[in-house]
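S.K.: The structure file upload.cif (mmCIF, C-alpha atoms) is provided below.
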```cif
data_run
loop_
_atom_site.label_atom_id
_atom_site.label_comp_id
_atom_site.auth_asym_id
_atom_site.auth_seq_id
_atom_site.Cartn_x
_atom_site.Cartn_y
_atom_site.Cartn_z
CA MET C 12 -31.82 -11.90 9.94
CA SER C 13 -28.59 -13.75 10.60
CA LEU C 14 -26.14 -13.61 7.71
CA GLU C 15 -24.72 -16.99 8.77
CA LEU C 16 -21.13 -15.75 8.46
CA ALA C 17 -19.88 -17.20 11.74
CA GLY C 18 -16.95 -19.49 11.00
CA LYS C 19 -16.44 -18.21 7.45
CA ARG C 20 -12.94 -17.14 6.41
CA ALA C 21 -12.53 -13.91 4.45
CA VAL C 22 -9.84 -11.92 2.68
CA VAL C 23 -10.36 -8.22 1.99
CA THR C 24 -7.72 -6.67 -0.25
CA GLY C 25 -7.14 -2.98 0.29
CA GLY C 26 -8.71 -3.47 3.70
CA GLY C 27 -6.55 -1.09 5.70
CA THR C 28 -8.57 2.08 5.13
CA GLY C 29 -11.83 3.47 3.78
CA ILE C 30 -14.45 1.17 2.29
CA GLY C 31 -12.18 -1.87 2.55
CA PHE C 32 -11.71 -1.31 6.28
CA ALA C 33 -15.46 -0.92 6.78
CA ILE C 34 -16.10 -4.16 4.88
CA ALA C 35 -13.53 -6.08 6.92
CA ALA C 36 -14.95 -4.72 10.17
CA GLU C 37 -18.52 -5.68 9.25
CA LEU C 38 -17.52 -9.20 8.21
CA ALA C 39 -15.74 -9.56 11.54
CA ARG C 40 -18.80 -8.30 13.43
CA GLN C 41 -20.83 -10.97 11.68
CA GLY C 42 -18.47 -13.64 12.98
CA ALA C 43 -16.10 -14.21 10.06
CA SER C 44 -12.34 -14.55 10.49
CA VAL C 45 -10.78 -11.80 8.37
CA VAL C 46 -7.45 -11.00 6.77
CA ILE C 47 -6.92 -7.49 5.44
CA THR C 48 -4.22 -6.56 2.96
CA SER C 49 -2.36 -3.42 2.02
CA ARG C 50 1.06 -2.48 0.73
CA ARG C 51 1.59 -0.44 3.93
CA SER C 52 2.47 -2.45 7.03
CA ASP C 53 1.84 0.45 9.43
CA VAL C 54 -1.74 0.87 8.23
CA LEU C 55 -2.39 -2.87 8.43
CA LYS C 56 -1.20 -3.24 12.00
CA ASP C 57 -3.34 -0.40 13.33
CA SER C 58 -6.42 -1.40 11.34
CA ALA C 59 -6.26 -5.10 12.22
CA GLU C 60 -5.81 -4.29 15.90
CA LYS C 61 -8.77 -1.92 15.85
CA ILE C 62 -11.10 -4.43 14.20
CA ALA C 63 -9.96 -7.27 16.47
CA GLY C 64 -10.45 -5.06 19.51
CA GLU C 65 -14.03 -4.24 18.54
CA THR C 66 -15.10 -7.78 17.62
CA ASP C 67 -14.70 -11.35 18.81
CA SER C 68 -13.24 -12.44 15.47
CA ASP C 69 -9.74 -13.45 14.43
CA VAL C 70 -8.31 -10.58 12.37
CA PHE C 71 -4.82 -9.94 11.07
CA GLY C 72 -3.08 -8.09 8.26
CA VAL C 73 -0.83 -9.30 5.45
CA VAL C 74 1.31 -6.97 3.35
CA SER C 75 0.44 -7.76 -0.26
CA ASP C 76 0.45 -6.13 -3.69
CA THR C 77 -2.26 -7.32 -6.09
CA GLY C 78 -0.12 -5.95 -8.91
CA ASN C 79 2.37 -8.76 -8.31
CA ASP C 80 1.51 -12.42 -8.92
CA ALA C 81 4.05 -13.84 -6.46
CA SER C 82 2.76 -11.50 -3.75
CA VAL C 83 -0.81 -12.67 -4.32
CA ARG C 84 0.15 -16.35 -4.20
CA ALA C 85 2.07 -15.76 -0.97
CA LEU C 86 -0.98 -14.01 0.51
CA VAL C 87 -3.28 -16.94 -0.24
CA ASP C 88 -0.74 -19.43 1.10
CA THR C 89 -0.41 -17.43 4.33
CA VAL C 90 -4.16 -17.16 4.89
CA THR C 91 -4.75 -20.82 4.05
CA ARG C 92 -2.13 -21.90 6.59
CA ALA C 93 -3.63 -19.63 9.25
CA PHE C 94 -7.34 -20.29 8.68
CA GLY C 95 -7.33 -23.60 6.83
CA GLY C 96 -8.91 -22.08 3.76
CA ILE C 97 -10.70 -19.09 2.24
CA ASP C 98 -14.48 -18.88 1.80
CA ILE C 99 -14.91 -15.21 0.93
CA LEU C 100 -12.79 -12.92 -1.24
CA VAL C 101 -13.48 -9.19 -1.40
CA ASN C 102 -11.35 -7.51 -4.06
CA ASN C 103 -11.01 -3.86 -3.14
CA ALA C 104 -7.36 -2.96 -3.72
CA ALA C 105 -6.94 0.01 -6.06
CA GLU C 106 -4.97 3.19 -6.42
CA GLN C 107 -6.83 6.49 -6.07
CA PRO C 108 -7.45 8.59 -7.98
CA ALA C 109 -7.60 6.49 -11.12
CA GLN C 110 -6.54 9.43 -13.29
CA LEU C 111 -4.92 12.81 -12.67
CA GLY C 112 -7.11 15.25 -14.61
CA PRO C 113 -10.46 14.82 -16.42
CA CYS C 114 -9.29 14.84 -20.05
CA PHE C 115 -8.45 11.72 -22.08
CA LEU C 116 -5.06 13.33 -22.70
CA ASP C 117 -4.43 12.95 -18.96
CA ALA C 118 -4.63 9.15 -19.31
CA ASP C 119 -0.90 8.58 -19.61
CA ASP C 120 0.29 5.09 -20.52
CA GLU C 121 2.25 4.33 -17.37
CA ARG C 122 -0.58 5.21 -15.00
CA PHE C 123 -3.15 3.44 -17.18
CA GLN C 124 -1.13 0.24 -17.22
CA ARG C 125 -0.57 0.39 -13.46
CA GLN C 126 -4.26 0.94 -12.74
CA VAL C 127 -5.33 -2.00 -14.92
CA ASN C 128 -2.60 -4.20 -13.47
CA VAL C 129 -3.62 -3.52 -9.86
CA LYS C 130 -7.40 -3.39 -10.13
CA VAL C 131 -8.36 -5.55 -13.12
CA ILE C 132 -5.57 -8.09 -13.55
CA GLY C 133 -4.99 -7.88 -9.79
CA TYR C 134 -8.57 -8.99 -9.15
CA LEU C 135 -8.04 -11.84 -11.60
CA ARG C 136 -4.84 -12.86 -9.81
CA THR C 137 -6.55 -13.20 -6.45
CA ILE C 138 -9.51 -15.07 -7.94
CA ARG C 139 -7.20 -17.51 -9.73
CA ALA C 140 -5.38 -18.10 -6.45
CA VAL C 141 -8.46 -18.80 -4.29
CA ALA C 142 -10.83 -20.42 -6.81
CA PRO C 143 -9.34 -23.94 -6.66
CA GLN C 144 -10.05 -24.33 -2.95
CA MET C 145 -13.52 -22.81 -3.34
CA ILE C 146 -14.23 -25.30 -6.12
CA GLU C 147 -13.00 -28.13 -3.91
CA ASN C 148 -15.30 -26.95 -1.11
CA GLN C 149 -18.18 -26.35 -3.55
CA TRP C 150 -18.88 -23.00 -1.93
CA GLY C 151 -17.52 -19.48 -2.12
CA ARG C 152 -18.31 -15.81 -2.43
CA ILE C 153 -16.31 -13.33 -4.49
CA ILE C 154 -17.26 -9.65 -4.37
CA ASN C 155 -15.39 -7.25 -6.61
CA ILE C 156 -15.50 -3.57 -5.66
CA SER C 157 -15.71 -1.43 -8.78
CA GLY C 158 -17.33 2.02 -8.86
CA THR C 159 -19.88 4.19 -10.61
CA ALA C 160 -17.22 5.38 -13.08
CA ALA C 161 -18.14 2.16 -14.92
CA ARG C 162 -21.38 3.91 -15.90
CA GLN C 163 -20.29 7.49 -16.46
CA THR C 164 -17.64 9.60 -18.13
CA GLY C 165 -15.19 12.00 -16.54
CA SER C 166 -12.22 9.70 -16.03
CA LEU C 167 -11.15 7.55 -18.95
CA ILE C 168 -8.96 5.28 -16.82
CA GLY C 169 -11.58 5.09 -14.09
CA SER C 170 -14.33 4.14 -16.55
CA VAL C 171 -12.24 1.55 -18.36
CA ARG C 172 -10.88 -0.16 -15.26
CA ASN C 173 -14.28 -0.30 -13.55
CA ALA C 174 -16.14 -1.51 -16.64
CA SER C 175 -13.42 -4.12 -17.05
CA VAL C 176 -14.07 -5.35 -13.50
CA VAL C 177 -17.72 -5.89 -14.47
CA ALA C 178 -16.80 -7.92 -17.57
CA LEU C 179 -14.23 -9.91 -15.60
CA SER C 180 -16.75 -10.69 -12.87
CA LYS C 181 -19.51 -11.83 -15.21
CA ASN C 182 -17.21 -14.16 -17.12
CA ILE C 183 -15.97 -15.79 -13.93
CA ALA C 184 -19.47 -15.95 -12.41
CA ASP C 185 -20.66 -17.99 -15.40
CA GLU C 186 -17.77 -20.41 -15.00
CA LEU C 187 -17.92 -20.86 -11.24
CA GLY C 188 -21.66 -20.81 -10.62
CA GLY C 189 -22.00 -24.57 -10.92
CA HIS C 190 -19.57 -24.99 -8.03
CA GLY C 191 -21.62 -23.02 -5.52
CA ILE C 192 -19.48 -19.92 -5.99
CA ASN C 193 -21.17 -16.56 -6.49
CA VAL C 194 -19.32 -13.63 -8.08
CA ASN C 195 -20.78 -10.14 -7.91
CA VAL C 196 -19.78 -6.49 -8.27
CA VAL C 197 -20.53 -3.62 -5.92
CA HIS C 198 -20.29 -0.08 -7.30
CA PRO C 199 -19.76 2.45 -4.48
CA GLY C 200 -20.68 6.00 -5.39
CA LEU C 201 -19.75 9.13 -3.46
CA THR C 202 -18.68 7.69 -0.10
CA ARG C 203 -17.36 9.39 3.02
CA THR C 204 -13.71 8.36 2.76
CA ARG C 205 -10.64 10.55 3.07
CA ASP C 206 -10.31 10.86 -0.73
CA HIS C 207 -13.90 11.94 -1.24
CA LEU C 208 -13.87 14.38 1.66
CA ASP C 209 -10.75 15.97 0.20
CA LEU C 210 -12.60 16.38 -3.09
CA GLN C 211 -15.60 17.94 -1.38
CA GLN C 212 -13.41 20.44 0.46
CA LYS C 213 -11.97 21.46 -2.90
CA GLY C 214 -15.48 21.92 -4.31
CA GLU C 215 -15.08 19.04 -6.76
CA ALA C 216 -17.56 16.54 -5.34
CA GLY C 217 -20.76 18.47 -6.06
CA GLY C 218 -23.29 19.27 -3.37
CA PHE C 219 -24.78 21.81 -1.07
CA GLY C 220 -23.12 21.73 2.33
CA PRO C 221 -21.13 19.39 4.55
CA GLY C 222 -22.34 15.81 4.28
CA ARG C 223 -24.87 16.71 1.59
CA THR C 224 -24.70 16.19 -2.16
CA SER C 225 -26.83 16.72 -5.24
CA ALA C 226 -25.09 13.81 -6.96
CA ASN C 227 -27.48 11.10 -5.76
CA ILE C 228 -31.15 10.58 -4.94
CA ILE C 229 -30.82 10.40 -1.17
CA GLY C 230 -29.08 13.78 -1.11
CA ARG C 231 -26.21 12.82 1.19
CA ILE C 232 -22.82 11.16 1.06
CA VAL C 233 -22.97 7.42 1.68
CA GLU C 234 -21.09 6.12 4.71
CA PRO C 235 -18.51 3.32 4.24
CA GLU C 236 -20.50 1.13 6.63
CA GLU C 237 -23.51 1.32 4.32
CA VAL C 238 -21.46 -0.13 1.47
CA ALA C 239 -20.12 -2.77 3.87
CA TRP C 240 -23.65 -3.92 4.74
CA VAL C 241 -24.31 -4.66 1.07
CA VAL C 242 -21.02 -6.50 0.66
CA SER C 243 -21.61 -8.57 3.81
CA PHE C 244 -24.97 -9.74 2.50
CA LEU C 245 -23.41 -10.74 -0.81
CA ALA C 246 -20.70 -12.60 1.13
CA SER C 247 -23.27 -14.61 3.03
CA PRO C 248 -25.14 -17.84 2.24
CA ARG C 249 -28.30 -15.70 2.13
CA SER C 250 -27.21 -14.26 -1.25
CA SER C 251 -27.36 -17.60 -3.07
CA ALA C 252 -29.76 -16.32 -5.76
CA ILE C 253 -27.54 -13.39 -6.81
CA THR C 254 -24.50 -13.91 -9.04
CA GLY C 255 -22.93 -12.34 -12.10
CA ASP C 256 -24.61 -9.04 -11.30
CA CYS C 257 -23.81 -5.50 -10.14
CA ILE C 258 -25.26 -3.60 -7.21
CA VAL C 259 -24.80 0.15 -7.00
CA ALA C 260 -24.39 1.31 -3.40
CA GLY C 261 -24.27 5.01 -4.10
CA GLY C 262 -27.58 6.40 -2.95
CA GLY C 263 -29.27 6.17 -6.35
CA THR C 264 -28.55 7.98 -9.60
CA PRO C 265 -31.04 10.75 -10.47
CA GLY C 266 -32.75 10.61 -13.84
CA LEU C 267 -31.29 7.38 -15.21
CA ILE C 268 -33.03 4.07 -15.82
CA PHE C 269 -30.95 0.87 -15.85
CA TYR C 270 -32.57 -2.34 -17.02
#
```
Mind turning the file's structure into structure tokens?

M.R.:
Amino acid sequence: MSLELAGKRAVVTGGGTGIGFAIAAELARQGASVVITSRRSDVLKDSAEKIAGETDSDVFGVVSDTGNDASVRALVDTVTRAFGGIDILVNNAAEQPAQLGPCFLDADDERFQRQVNVKVIGYLRTIRAVAPQMIENQWGRIINISGTAARQTGSLIGSVRNASVVALSKNIADELGGHGINVNVVHPGLTRTRDHLDLQQKGEAGGFGPGRTSANIIGRIVEPEEVAWVVSFLASPRSSAITGDCIVAGGGTPGLIFY
């Protein structure tokens, strides 16, 4: 099934590494022109060159901080000049880990405020910046990357910021749906990124051997590309019937029923 992404123009924030990189690469493979962002120029250059070298798509990086409104506006202006507009926005920029330590006493004010500013208000900043042109075009896709901490305890800051992304997304989905713009959330679970592998090596990720885990139904760590496949579908015209909703791409949660 073709995802009909050829000719679409996408921005992936936090696209230099991990899940964001995998999403950007998959969108490019499907024919979209892609801009990736990061606060680190060295990461952006290498990642953009790698994706461009493996695909036939136009890919480049823009240094941007979603925690800063002027930086976000400059990003959207740059992409619009280069591509003529933006059809797809994937909000993925976030600082990891959300919280240092598992106790609510570890949720210090400064870190809490920074996390909300970058991931929650930051997502809102990018949406505010791209929504007018999506409304004008009467088409758009916005996918906000959250995480399974929205549905479980263990990190107060992580739970609050991710649940806030869900509430943000649903509110905006209701407002933009009449303009042909879909807004959805993807919750990655335990995924094979550098951060999660470091946790597993320290014995903090749960599981029973390299690449295996008891934390989900499928019994293994999800690959970043598997999350990217879900996001690419939601970014496509084929996802027209899905908006204002959340999809968990974490291999399934044992024992829980969500309805």

S.K.: Apply the PyMOL selection byres ((chain C and resi 74-80) around 8) to the file shown and report the selected residues as an MDAnalysis selection string.

M.R.: chainID C and resid 48:52 55 72:73 81:84 86 104 125 128:130 132:134 136:137

S.K.: Residues around (-31.7, 14.6, -11.2), cut-off 12 Å, counting only C-alpha atoms - what are they as a VMD selection string?

M.R.: chain C and resid 224 to 230 263 to 268

S.K.: Please determine, counting all atoms listed in the file, which residue among C:Thr91, C:Asn195, C:Thr159, C:Ser180 has the shortest atom-to-atom distance to Ala21 of chain C.

M.R.: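 Counting all atoms listed in the file, the residue closest to Ala21 of chain C is C:Thr91.
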
S.K.: Translate the PyMOL selection byres ((chain C and resi 46) around 6) into a concrete residue list for this structure, as number ranges by chain.

M.R.: C: 22, 45, 47, 70-72

S.K.: As an exercise, work out the distance from atom CA of Ala184 of chain C to atom CA of Gly255 of chain C in Å and give it to one decimal place.

M.R.: 5.0 Å

S.K.: May I ask which of the residues C:Lys56, C:Lys61, C:Arg162, C:Arg172 is the closest one to Ala109 of chain C, counting only C-alpha atoms?

M.R.: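 Among C:Lys56, C:Lys61, C:Arg162, C:Arg172, it is C:Arg172 that comes nearest to Ala109 of chain C.
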
S.K.: With distances taken over only C-alpha atoms, which residue among C:Thr204, C:Ser68, C:Asn193, C:Ser243 lies nearest Met145 of chain C?

M.R.: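 Result for the nearest residue to Met145 of chain C: C:Asn193.
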
S.K.: Between C:Gly64, C:Gly18, C:Gly188, C:Gly31, which has the minimum distance to Asn155 of chain C (counting all atoms listed in the file)?

M.R.: C:Gly31

S.K.: Please compute the atom CA of Glu15 of chain C-atom CA of Asp57 of chain C distance, one decimal, in Å.

M.R.: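 Separation between atom CA of Glu15 of chain C and atom CA of Asp57 of chain C: 27.4 Å.
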
S.K.: Counting only C-alpha atoms, which of C:Ala105, C:Ala63, C:Ile154, C:Val171 gets nearest to Thr28 of chain C?

M.R.: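 Among C:Ala105, C:Ala63, C:Ile154, C:Val171, it is C:Ala105 that comes nearest to Thr28 of chain C.
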
S.K.: Show me the residues close to (-11.1, 14.0, -19.5) - anything with an atom within 10 Å, counting all atoms listed in the file - and format the list as a PyMOL selection string.

M.R.: chain C and resi 110-118+164-168

S.K.: Which polymer residues have any atom within 7 Å of an atom of Ala239 of chain C, counting all atoms listed in the file, with same-chain residues fewer than 4 positions away left out, as a ChimeraX atom specification?

M.R.: /C:33-34,37,235,243

S.K.: Separation of atom CA of Val54 of chain C and atom CA of Thr24 of chain C, in Å?

M.R.: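 So the two atoms, atom CA of Val54 of chain C and atom CA of Thr24 of chain C, lie 12.8 Å apart.
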
S.K.: Name every residue that the PyMOL selection byres ((chain C and resi 149) around 12) selects in this structure, writing the answer as a PyMOL selection string with chains first and numbers rising.

M.R.: chain C and resi 97-98+142-148+150-152+187-193

S.K.: Restricting the calculation to only C-alpha atoms, which member of C:Ala252, C:Leu38, C:Leu179, C:Ile153 is positioned closest to Trp240 of chain C?

M.R.: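 Of the candidates, the smallest distance to Trp240 of chain C is held by C:Leu38.
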